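Everything below belongs to work30.cif, which stores mmCIF, C-alpha atoms.
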data_coords
loop_
_atom_site.label_atom_id
_atom_site.label_comp_id
_atom_site.auth_asym_id
_atom_site.auth_seq_id
_atom_site.Cartn_x
_atom_site.Cartn_y
_atom_site.Cartn_z
CA MET A 29 -4.00 -38.92 -4.01
CA THR A 30 -1.09 -40.23 -1.95
CA LYS A 31 1.35 -38.16 0.06
CA GLU A 32 4.44 -37.02 -1.83
CA ILE A 33 7.70 -38.45 -0.46
CA LYS A 34 10.85 -36.59 -1.53
CA ILE A 35 14.40 -37.89 -1.62
CA ASN A 36 17.06 -35.85 -3.41
CA ASN A 37 15.56 -35.00 -6.81
CA ILE A 38 13.05 -37.86 -6.74
CA LYS A 39 9.40 -37.39 -5.78
CA ILE A 40 7.34 -40.50 -5.05
CA GLY A 41 3.55 -40.39 -4.93
CA GLY A 42 1.24 -37.44 -5.34
CA ASN A 43 0.84 -36.60 -9.02
CA ASN A 44 4.43 -37.54 -9.83
CA PRO A 45 5.56 -40.01 -12.50
CA LEU A 46 6.12 -43.69 -11.82
CA VAL A 47 9.37 -44.41 -9.94
CA LEU A 48 11.57 -47.43 -10.64
CA ILE A 49 13.23 -49.33 -7.79
CA ALA A 50 15.58 -51.86 -9.34
CA GLY A 51 18.78 -53.83 -8.89
CA PRO A 52 20.07 -57.34 -8.30
CA CYS A 53 18.55 -59.29 -5.42
CA VAL A 54 21.83 -59.53 -3.56
CA ILE A 55 25.30 -57.99 -3.79
CA GLU A 56 27.38 -60.68 -5.48
CA SER A 57 30.58 -58.62 -5.77
CA LYS A 58 31.62 -54.97 -5.93
CA GLU A 59 32.41 -55.12 -9.64
CA PHE A 60 29.08 -56.77 -10.47
CA THR A 61 27.09 -54.30 -8.36
CA LEU A 62 28.78 -51.24 -9.88
CA ARG A 63 28.26 -52.65 -13.36
CA MET A 64 24.56 -53.26 -12.71
CA ALA A 65 24.06 -49.81 -11.18
CA LYS A 66 25.69 -48.17 -14.22
CA SER A 67 23.54 -50.13 -16.69
CA LEU A 68 20.32 -49.49 -14.78
CA LYS A 69 21.03 -45.79 -14.43
CA GLU A 70 21.66 -45.53 -18.17
CA ILE A 71 18.38 -47.26 -19.02
CA ALA A 72 16.36 -45.15 -16.57
CA SER A 73 18.00 -41.96 -17.86
CA ARG A 74 17.21 -42.81 -21.49
CA LEU A 75 13.55 -43.32 -20.58
CA ASP A 76 13.40 -40.39 -18.14
CA ILE A 77 12.26 -42.62 -15.26
CA PRO A 78 13.21 -41.63 -11.67
CA PHE A 79 15.44 -44.44 -10.43
CA ILE A 80 16.33 -45.86 -7.01
CA PHE A 81 19.00 -48.58 -6.79
CA LYS A 82 18.28 -51.65 -4.67
CA SER A 83 20.44 -54.56 -3.61
CA SER A 84 20.77 -56.55 -0.38
CA TYR A 85 23.92 -56.82 1.71
CA ASP A 86 22.46 -59.77 3.66
CA LYS A 87 19.53 -61.99 2.74
CA ALA A 88 18.83 -63.32 6.20
CA ASN A 89 15.62 -65.10 5.24
CA ARG A 90 16.93 -67.64 2.71
CA THR A 91 15.20 -71.03 2.65
CA SER A 92 18.40 -72.98 3.39
CA SER A 93 21.27 -72.09 5.72
CA ASP A 94 23.59 -73.13 2.88
CA SER A 95 22.21 -70.47 0.50
CA PHE A 96 24.27 -67.42 -0.45
CA ARG A 97 23.32 -64.45 1.74
CA GLY A 98 25.59 -61.70 0.47
CA PRO A 99 28.77 -60.02 1.72
CA GLY A 100 27.34 -58.97 5.08
CA LEU A 101 26.79 -55.62 6.75
CA LYS A 102 30.24 -53.98 6.68
CA LYS A 103 31.41 -54.98 3.22
CA GLY A 104 27.92 -54.69 1.75
CA LEU A 105 27.43 -51.14 2.97
CA GLU A 106 30.88 -50.20 1.64
CA ILE A 107 29.80 -51.41 -1.80
CA LEU A 108 26.45 -49.59 -1.63
CA LYS A 109 28.27 -46.43 -0.54
CA ALA A 110 30.54 -46.78 -3.58
CA VAL A 111 27.47 -47.05 -5.84
CA LYS A 112 26.00 -43.94 -4.21
CA GLU A 113 29.17 -41.89 -4.60
CA LYS A 114 30.07 -43.03 -8.12
CA PHE A 115 26.64 -42.70 -9.70
CA GLY A 116 24.79 -40.28 -7.42
CA LEU A 117 21.94 -42.75 -6.90
CA VAL A 118 19.38 -43.03 -4.13
CA ILE A 119 20.03 -46.33 -2.33
CA LEU A 120 17.56 -48.82 -0.83
CA SER A 121 18.36 -52.04 1.01
CA ASP A 122 16.58 -54.31 3.44
CA VAL A 123 17.48 -54.45 7.12
CA HIS A 124 16.64 -57.58 9.11
CA CYS A 125 17.65 -56.61 12.64
CA LYS A 126 17.78 -53.54 14.88
CA GLU A 127 21.51 -53.92 15.43
CA ASP A 128 22.22 -53.11 11.76
CA LEU A 129 20.26 -49.86 11.70
CA SER A 130 22.86 -47.46 13.07
CA ALA A 131 25.40 -48.38 10.39
CA ALA A 132 22.82 -48.88 7.63
CA ALA A 133 21.23 -45.47 8.14
CA LYS A 134 24.58 -43.79 7.41
CA VAL A 135 24.51 -45.19 3.85
CA LEU A 136 20.92 -46.05 2.95
CA ASP A 137 18.44 -43.41 1.85
CA ILE A 138 15.55 -45.85 2.18
CA ILE A 139 15.40 -48.62 4.78
CA GLN A 140 13.31 -51.56 3.64
CA ILE A 141 11.51 -53.80 6.12
CA PRO A 142 11.33 -57.34 4.68
CA ALA A 143 7.92 -58.89 4.19
CA PHE A 144 8.44 -61.60 6.80
CA LEU A 145 9.32 -58.90 9.38
CA SER A 146 6.58 -56.42 8.51
CA ARG A 147 4.85 -56.83 11.90
CA GLN A 148 7.99 -56.70 14.06
CA THR A 149 7.25 -53.62 16.15
CA ASP A 150 10.73 -53.04 17.57
CA LEU A 151 12.35 -53.22 14.11
CA LEU A 152 9.73 -50.91 12.59
CA VAL A 153 10.04 -48.32 15.35
CA SER A 154 13.82 -48.41 15.36
CA ALA A 155 13.93 -48.01 11.57
CA ALA A 156 11.53 -45.07 11.77
CA ARG A 157 13.65 -43.38 14.43
CA THR A 158 16.63 -43.22 12.07
CA GLY A 159 14.72 -40.51 10.20
CA ARG A 160 15.19 -42.32 6.91
CA ILE A 161 12.37 -43.18 4.54
CA VAL A 162 10.93 -46.57 5.54
CA ASN A 163 9.63 -48.93 2.86
CA ILE A 164 7.48 -51.68 4.37
CA LYS A 165 6.99 -54.76 2.26
CA LYS A 166 3.55 -56.19 3.01
CA GLY A 167 3.85 -59.69 4.42
CA GLN A 168 2.59 -62.50 2.21
CA PHE A 169 0.37 -63.48 5.14
CA LEU A 170 -1.31 -60.06 5.51
CA ALA A 171 -4.46 -58.53 4.07
CA PRO A 172 -3.96 -55.01 2.66
CA TRP A 173 -5.91 -53.42 5.54
CA ASP A 174 -3.51 -55.08 7.98
CA MET A 175 -0.92 -52.53 6.86
CA TYR A 176 -2.77 -49.65 8.49
CA PRO A 177 -1.74 -50.43 12.11
CA ILE A 178 1.81 -51.03 10.86
CA ILE A 179 1.83 -47.54 9.35
CA LYS A 180 0.55 -46.14 12.66
CA LYS A 181 3.53 -47.70 14.48
CA ILE A 182 5.90 -45.73 12.29
CA GLU A 183 3.88 -42.53 12.44
CA ALA A 184 3.93 -42.72 16.25
CA THR A 185 7.67 -41.95 16.13
CA GLY A 186 7.00 -38.74 14.20
CA ASN A 187 8.37 -40.19 10.96
CA LYS A 188 5.87 -39.86 8.12
CA LYS A 189 8.26 -40.75 5.31
CA ILE A 190 6.66 -44.09 4.48
CA LEU A 191 6.36 -46.31 1.41
CA ILE A 192 4.31 -49.50 1.18
CA THR A 193 5.21 -52.34 -1.17
CA GLU A 194 2.84 -55.04 -2.38
CA ARG A 195 4.53 -58.34 -3.27
CA GLY A 196 1.71 -60.85 -3.55
CA VAL A 197 -0.16 -62.90 -0.98
CA SER A 198 0.15 -66.59 -0.09
CA PHE A 199 -2.14 -68.75 -2.20
CA GLY A 200 -1.93 -72.34 -1.02
CA TYR A 201 1.47 -73.94 -0.63
CA ASN A 202 4.57 -72.55 -2.41
CA ASN A 203 2.56 -70.03 -4.41
CA LEU A 204 1.66 -66.34 -4.42
CA VAL A 205 -1.09 -64.40 -6.16
CA SER A 206 -1.51 -60.68 -6.80
CA ASP A 207 -4.78 -59.03 -5.82
CA PHE A 208 -4.61 -55.60 -7.42
CA ARG A 209 -7.39 -54.31 -5.19
CA ALA A 210 -4.66 -54.15 -2.53
CA LEU A 211 -2.97 -51.29 -4.40
CA ALA A 212 -6.07 -49.11 -4.15
CA ILE A 213 -6.84 -50.14 -0.56
CA MET A 214 -3.34 -49.31 0.65
CA ARG A 215 -3.10 -46.07 -1.34
CA ASP A 216 -6.16 -44.92 0.61
CA PHE A 217 -3.94 -44.93 3.72
CA GLY A 218 -2.29 -41.87 2.20
CA TYR A 219 1.20 -43.12 1.37
CA PRO A 220 2.80 -44.13 -1.95
CA VAL A 221 2.37 -47.77 -2.92
CA ILE A 222 5.01 -49.70 -4.85
CA TYR A 223 4.30 -52.92 -6.75
CA ASP A 224 7.03 -55.58 -6.53
CA ALA A 225 6.51 -57.58 -9.71
CA THR A 226 9.48 -59.89 -9.32
CA HIS A 227 8.76 -61.18 -5.82
CA SER A 228 5.09 -61.53 -6.75
CA VAL A 229 6.04 -64.37 -9.13
CA GLN A 230 8.20 -66.12 -6.55
CA LEU A 231 7.27 -69.68 -5.55
CA PRO A 232 8.46 -69.69 -1.91
CA GLY A 233 10.32 -72.90 -1.12
CA GLY A 234 9.20 -74.21 -4.49
CA LYS A 235 12.41 -76.18 -5.06
CA GLY A 236 12.51 -77.63 -1.57
CA SER A 237 15.87 -76.22 -0.50
CA CYS A 238 15.27 -72.87 -2.21
CA SER A 239 12.53 -70.78 -3.80
CA ALA A 240 11.45 -71.09 -7.41
CA GLY A 241 9.82 -68.46 -9.59
CA GLU A 242 7.91 -67.77 -12.80
CA ARG A 243 9.78 -64.95 -14.54
CA LYS A 244 7.52 -65.16 -17.60
CA PHE A 245 4.70 -63.46 -15.66
CA VAL A 246 6.68 -60.41 -14.49
CA ALA A 247 5.97 -58.29 -17.57
CA GLY A 248 2.22 -58.92 -17.54
CA LEU A 249 1.87 -58.22 -13.83
CA SER A 250 3.94 -55.04 -14.18
CA ARG A 251 1.70 -53.76 -16.97
CA ALA A 252 -1.42 -54.61 -14.98
CA ALA A 253 -0.18 -52.91 -11.80
CA VAL A 254 0.68 -49.68 -13.62
CA ALA A 255 -2.69 -49.71 -15.39
CA PHE A 256 -4.48 -50.29 -12.08
CA GLY A 257 -2.51 -47.56 -10.34
CA CYS A 258 0.70 -47.62 -8.34
CA ASP A 259 3.35 -45.03 -7.51
CA GLY A 260 6.38 -47.15 -8.28
CA LEU A 261 7.53 -50.43 -9.74
CA PHE A 262 10.02 -52.70 -7.92
CA LEU A 263 11.98 -55.04 -10.19
CA GLU A 264 14.95 -57.18 -9.30
CA VAL A 265 17.25 -57.35 -12.32
CA HIS A 266 20.31 -59.41 -13.21
CA GLU A 267 22.66 -59.71 -16.20
CA THR A 268 22.18 -63.47 -16.30
CA PRO A 269 19.29 -64.44 -13.98
CA ASP A 270 19.80 -68.17 -14.45
CA LYS A 271 23.27 -67.81 -12.92
CA ALA A 272 22.22 -65.49 -10.09
CA LEU A 273 23.18 -66.45 -6.55
CA CYS A 274 19.73 -65.55 -5.17
CA ASP A 275 16.18 -65.38 -6.60
CA GLY A 276 17.27 -65.98 -10.19
CA PRO A 277 14.01 -67.64 -11.31
CA ASN A 278 11.96 -64.50 -10.66
CA MET A 279 14.46 -61.79 -11.68
CA VAL A 280 14.20 -59.82 -14.91
CA SER A 281 17.04 -60.14 -17.39
CA LEU A 282 18.85 -56.84 -17.93
CA LYS A 283 18.45 -57.19 -21.69
CA ASP A 284 14.65 -57.30 -21.33
CA LEU A 285 14.27 -54.40 -18.90
CA GLU A 286 14.21 -51.46 -21.30
CA GLY A 287 11.48 -53.01 -23.43
CA LEU A 288 9.31 -53.64 -20.38
CA LEU A 289 9.81 -50.11 -19.06
CA LYS A 290 8.81 -48.64 -22.43
CA GLN A 291 5.58 -50.62 -22.23
CA VAL A 292 4.72 -49.49 -18.71
CA LYS A 293 5.53 -45.87 -19.60
CA ARG A 294 3.03 -46.01 -22.47
CA ILE A 295 0.43 -47.47 -20.12
CA GLU A 296 1.15 -44.82 -17.50
CA ASN A 297 0.73 -42.07 -20.09
CA ALA A 298 -2.51 -43.60 -21.36
CA VAL A 299 -4.19 -43.75 -17.95
CA SER A 300 -2.85 -40.49 -16.49
#
Could I get this file's structure written as structure tokens?
Amino acid sequence: MTKEIKINNIKIGGNNPLVLIAGPCVIESKEFTLRMAKSLKEIASRLDIPFIFKSSYDKANRTSSDSFRGPGLKKGLEILKAVKEKFGLVILSDVHCKEDLSAAAKVLDIIQIPAFLSRQTDLLVSAARTGRIVNIKKGQFLAPWDMYPIIKKIEATGNKKILITERGVSFGYNNLVSDFRALAIMRDFGYPVIYDATHSVQLPGGKGSCSAGERKFVAGLSRAAVAFGCDGLFLEVHETPDKALCDGPNMVSLKDLEGLLKQVKRIENAVS
């Protein structure tokens, strides 16, 4: 059994129900973000699924320097704060540099360490020292057991509010594959493990100047991960994924989300 991590009225891990972390990849505008948060909260409430809202204020690891990155730290945090205050949601966003942490920790409930930065000691330690929950996305280049020393870096600060997120592992060029044994291996480290189904179908750099993705596999991988055993499901969701400004090819369409969540709930109930 994993450690139980509490945030507001949400409990992650232990014997608690599956948690949903969801939202658009990047903040495209305030109106769009508020609209998405409202829709996602309504769906999660109907299905009685604990819900954490996720969106990025700055995607600093885009393939091309010409790609849309988001509104930036100041404006992005203002929008996330508005989501938090209007809907009473727990907020998660990724932080790419130490300099952002002071401001980010005033708004974010969960600080996410991006997969490409999952071994950056100074960023990990600084994030842990904010006292916030830290969600570490396992790098595509790491084996599941490589996460253990990363966890120890955070624990060394005295912060034991840790989540681990699996998002696939590099499989040749421009491809990822999910090894579900990683969920069990990382859960044995004692902390809740989240499965990121949308980034697991990403094809990094698959279009040359940007990443591609295979959205059609998200539902199957989500069902498999819940059946295998995970503490939460991470899904990036958009009203119209094909028009999204970032990661559209691997995002779930809002209209398809409720059906998928009903499926994973039935699976969760069957295996619990």
For Ile295 in chain A, work out the shell of residues within 12 Å, counting all atoms listed in the file and skipping chain neighbours fewer than 4 positions away, then give it as a ChimeraX atom specification.
/A:45-46,248,250-258,288-291,299-300
Okay, now the selection with C-alpha atoms, as a PDB file, in the frame of the given file?
ATOM      1  CA  PRO A  45       5.560 -40.010 -12.500  1.00  0.00           C
ATOM      2  CA  LEU A  46       6.120 -43.690 -11.820  1.00  0.00           C
ATOM      3  CA  GLY A 248       2.220 -58.920 -17.540  1.00  0.00           C
ATOM      4  CA  SER A 250       3.940 -55.040 -14.180  1.00  0.00           C
ATOM      5  CA  ARG A 251       1.700 -53.760 -16.970  1.00  0.00           C
ATOM      6  CA  ALA A 252      -1.420 -54.610 -14.980  1.00  0.00           C
ATOM      7  CA  ALA A 253      -0.180 -52.910 -11.800  1.00  0.00           C
ATOM      8  CA  VAL A 254       0.680 -49.680 -13.620  1.00  0.00           C
ATOM      9  CA  ALA A 255      -2.690 -49.710 -15.390  1.00  0.00           C
ATOM     10  CA  PHE A 256      -4.480 -50.290 -12.080  1.00  0.00           C
ATOM     11  CA  GLY A 257      -2.510 -47.560 -10.340  1.00  0.00           C
ATOM     12  CA  CYS A 258       0.700 -47.620  -8.340  1.00  0.00           C
ATOM     13  CA  LEU A 288       9.310 -53.640 -20.380  1.00  0.00           C
ATOM     14  CA  LEU A 289       9.810 -50.110 -19.060  1.00  0.00           C
ATOM     15  CA  LYS A 290       8.810 -48.640 -22.430  1.00  0.00           C
ATOM     16  CA  GLN A 291       5.580 -50.620 -22.230  1.00  0.00           C
ATOM     17  CA  VAL A 299      -4.190 -43.750 -17.950  1.00  0.00           C
ATOM     18  CA  SER A 300      -2.850 -40.490 -16.490  1.00  0.00           C
TER      19      SER A 300
END
Select, from A:Leu285, A:Ala72, A:Cys274, A:Ile55, the residue with the minimum atom-to-atom distance to Ile107 in chain A, counting all atoms listed in the file.
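When distances to Ile107 in chain A are compared using all atoms listed in the file, the smallest one comes from A:Ile55.
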Between CA of Lys114 in chain A and CA of Ile139 in chain A, what is the distance, to one decimal in Å?
20.3 Å
Taking the file as shown, find all residues satisfying the PyMOL selection byres ((chain A and resi 73-81) around 6) and write them as a list in words.
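Matching residues under the PyMOL selection byres ((chain A and resi 73-81) around 6) are Val47, Leu48, Ile49, Ala50, Gly51, Lys69, Glu70, Ile71, Ala72, Lys82, Val118 and Ile119 of chain A.
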Selection in question (the file shown): the PyMOL selection byres ((chain A and resi 115) around 9). Which residues does it include, as a list in words?
Leu62, Ala65, Lys66, Lys69, Ala110, Val111, Lys112, Glu113, Lys114, Gly116 and Leu117 of chain A
Please, could you write that set of residues out with C-alpha atoms as an mmCIF file, in the coordinates of the input?
data_model
loop_
_atom_site.group_PDB
_atom_site.id
_atom_site.type_symbol
_atom_site.label_atom_id
_atom_site.label_comp_id
_atom_site.auth_asym_id
_atom_site.auth_seq_id
_atom_site.Cartn_x
_atom_site.Cartn_y
_atom_site.Cartn_z
ATOM 1 C CA LEU A 62 28.780 -51.240 -9.880
ATOM 2 C CA ALA A 65 24.060 -49.810 -11.180
ATOM 3 C CA LYS A 66 25.690 -48.170 -14.220
ATOM 4 C CA LYS A 69 21.030 -45.790 -14.430
ATOM 5 C CA ALA A 110 30.540 -46.780 -3.580
ATOM 6 C CA VAL A 111 27.470 -47.050 -5.840
ATOM 7 C CA LYS A 112 26.000 -43.940 -4.210
ATOM 8 C CA GLU A 113 29.170 -41.890 -4.600
ATOM 9 C CA LYS A 114 30.070 -43.030 -8.120
ATOM 10 C CA GLY A 116 24.790 -40.280 -7.420
ATOM 11 C CA LEU A 117 21.940 -42.750 -6.900
#
From CA of Ile35 in chain A to CA of Ser206 in chain A the spacing works out at 28.3 Å
Spell out the residues picked by the PyMOL selection byres ((chain A and resi 155) around 9) here, as a PyMOL selection string.
chain A and resi 123+126+129+133+139-141+150-154+156-162+182
For CA of Asp94 in chain A and CA of Ala240 in chain A, quote the distance in Å rounded to one decimal.
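Going from CA of Asp94 in chain A over to CA of Ala240 in chain A, I get 16.0 Å.
Contact shell of Ala272 in chain A at 12 Å (all atoms listed in the file; same-chain neighbours under 4 positions omitted): Pro52, Cys53, Val54, Ile55, Glu56, Ser57, Phe60, Ser95, Phe96, Arg97, Gly98, Glu264, Val265, His266, Glu267, Thr268, Gly276, Pro277, Asn278, Met279, Val280 and Ser281 of chain A.
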Dump as a short mmCIF file (atom, residue, chain, number, x, y, z; two decimals), in the frame of the given file, selection limited to C-alpha atoms:
data_model
loop_
_atom_site.label_atom_id
_atom_site.label_comp_id
_atom_site.auth_asym_id
_atom_site.auth_seq_id
_atom_site.Cartn_x
_atom_site.Cartn_y
_atom_site.Cartn_z
CA PRO A 52 20.07 -57.34 -8.30
CA CYS A 53 18.55 -59.29 -5.42
CA VAL A 54 21.83 -59.53 -3.56
CA ILE A 55 25.30 -57.99 -3.79
CA GLU A 56 27.38 -60.68 -5.48
CA SER A 57 30.58 -58.62 -5.77
CA PHE A 60 29.08 -56.77 -10.47
CA SER A 95 22.21 -70.47 0.50
CA PHE A 96 24.27 -67.42 -0.45
CA ARG A 97 23.32 -64.45 1.74
CA GLY A 98 25.59 -61.70 0.47
CA GLU A 264 14.95 -57.18 -9.30
CA VAL A 265 17.25 -57.35 -12.32
CA HIS A 266 20.31 -59.41 -13.21
CA GLU A 267 22.66 -59.71 -16.20
CA THR A 268 22.18 -63.47 -16.30
CA GLY A 276 17.27 -65.98 -10.19
CA PRO A 277 14.01 -67.64 -11.31
CA ASN A 278 11.96 -64.50 -10.66
CA MET A 279 14.46 -61.79 -11.68
CA VAL A 280 14.20 -59.82 -14.91
CA SER A 281 17.04 -60.14 -17.39
#
Nearest to Leu261 in chain A among A:Ala132, A:Val221, A:Ala298, A:Ala210, with distances taken over only C-alpha atoms: which residue is it?
A:Val221
Using all atoms listed in the file, which residues sit within 9 Å of Ser146 in chain A once same-chain residues fewer than 3 positions away are excluded, as a list in words?
Ile141, Pro142, Ala143, Thr149, Leu151, Leu152, Ile164, Lys165, Lys166, Gly167, Met175 and Ile178 of chain A
Given all atoms listed in the file as the counted atoms, nearest of A:Asp224, A:Glu106, A:Glu32, A:Asp270 to Thr61 in chain A
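The closest residue to Thr61 in chain A is A:Glu106.
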Block slice range 268-277 of chain A, all heavy atoms, emitted as a tab-separated table (two decimals), in the first residue's frame:
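Okay, this is what ended up in out-v2.tsv:
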chain	number	residue	atom	x	y	z
A	268	THR	N	-11.36	21.12	-28.35
A	268	THR	CA	-11.12	20.75	-29.75
A	268	THR	C	-9.63	20.44	-29.91
A	268	THR	O	-8.86	21.33	-30.32
A	268	THR	CB	-11.53	21.89	-30.71
A	268	THR	OG1	-10.92	23.13	-30.26
A	268	THR	CG2	-13.04	22.07	-30.73
A	269	PRO	N	-9.20	19.23	-29.58
A	269	PRO	CA	-7.77	18.90	-29.59
A	269	PRO	C	-7.04	19.22	-30.88
A	269	PRO	O	-5.88	19.61	-30.86
A	269	PRO	CB	-7.76	17.40	-29.30
A	269	PRO	CG	-9.03	17.14	-28.56
A	269	PRO	CD	-10.03	18.09	-29.14
A	270	ASP	N	-7.73	19.06	-32.01
A	270	ASP	CA	-7.06	19.31	-33.30
A	270	ASP	C	-6.74	20.78	-33.52
A	270	ASP	O	-5.97	21.12	-34.42
A	270	ASP	CB	-7.92	18.78	-34.45
A	270	ASP	CG	-7.99	17.26	-34.45
A	270	ASP	OD1	-7.05	16.62	-33.92
A	270	ASP	OD2	-8.98	16.71	-34.98
A	271	LYS	N	-7.33	21.66	-32.70
A	271	LYS	CA	-7.03	23.09	-32.79
A	271	LYS	C	-6.21	23.58	-31.61
A	271	LYS	O	-5.96	24.79	-31.48
A	271	LYS	CB	-8.34	23.88	-32.88
A	271	LYS	CG	-9.15	23.59	-34.14
A	271	LYS	CD	-10.42	24.43	-34.18
A	271	LYS	CE	-11.23	24.14	-35.44
A	271	LYS	NZ	-12.49	24.94	-35.48
A	272	ALA	N	-5.77	22.66	-30.75
A	272	ALA	CA	-5.01	23.04	-29.56
A	272	ALA	C	-3.67	23.66	-29.95
A	272	ALA	O	-3.08	23.31	-30.98
A	272	ALA	CB	-4.78	21.83	-28.68
A	273	LEU	N	-3.18	24.55	-29.10
A	273	LEU	CA	-1.91	25.23	-29.38
A	273	LEU	C	-0.70	24.42	-28.92
A	273	LEU	O	0.43	24.80	-29.19
A	273	LEU	CB	-1.91	26.60	-28.70
A	273	LEU	CG	-3.02	27.56	-29.14
A	273	LEU	CD1	-2.89	28.90	-28.42
A	273	LEU	CD2	-2.97	27.76	-30.66
A	274	CYS	N	-0.95	23.31	-28.22
A	274	CYS	CA	0.15	22.47	-27.73
A	274	CYS	C	-0.37	21.06	-27.49
A	274	CYS	O	-1.42	20.88	-26.87
A	274	CYS	CB	0.73	23.05	-26.44
A	274	CYS	SG	2.07	22.09	-25.70
A	275	ASP	N	0.33	20.05	-27.97
A	275	ASP	CA	0.06	18.63	-27.69
A	275	ASP	C	-1.33	18.16	-28.11
A	275	ASP	O	-1.85	17.19	-27.56
A	275	ASP	CB	0.25	18.34	-26.19
A	275	ASP	CG	1.70	18.03	-25.85
A	275	ASP	OD1	2.55	18.09	-26.76
A	275	ASP	OD2	1.99	17.73	-24.68
A	276	GLY	N	-1.92	18.80	-29.10
A	276	GLY	CA	-3.24	18.40	-29.56
A	276	GLY	C	-3.37	16.94	-29.95
A	276	GLY	O	-4.35	16.28	-29.61
A	277	PRO	N	-2.38	16.36	-30.68
A	277	PRO	CA	-2.53	14.99	-31.17
A	277	PRO	C	-2.66	13.93	-30.07
A	277	PRO	O	-3.14	12.83	-30.35
A	277	PRO	CB	-1.24	14.78	-31.99
A	277	PRO	CG	-0.83	16.14	-32.42
A	277	PRO	CD	-1.18	17.02	-31.26
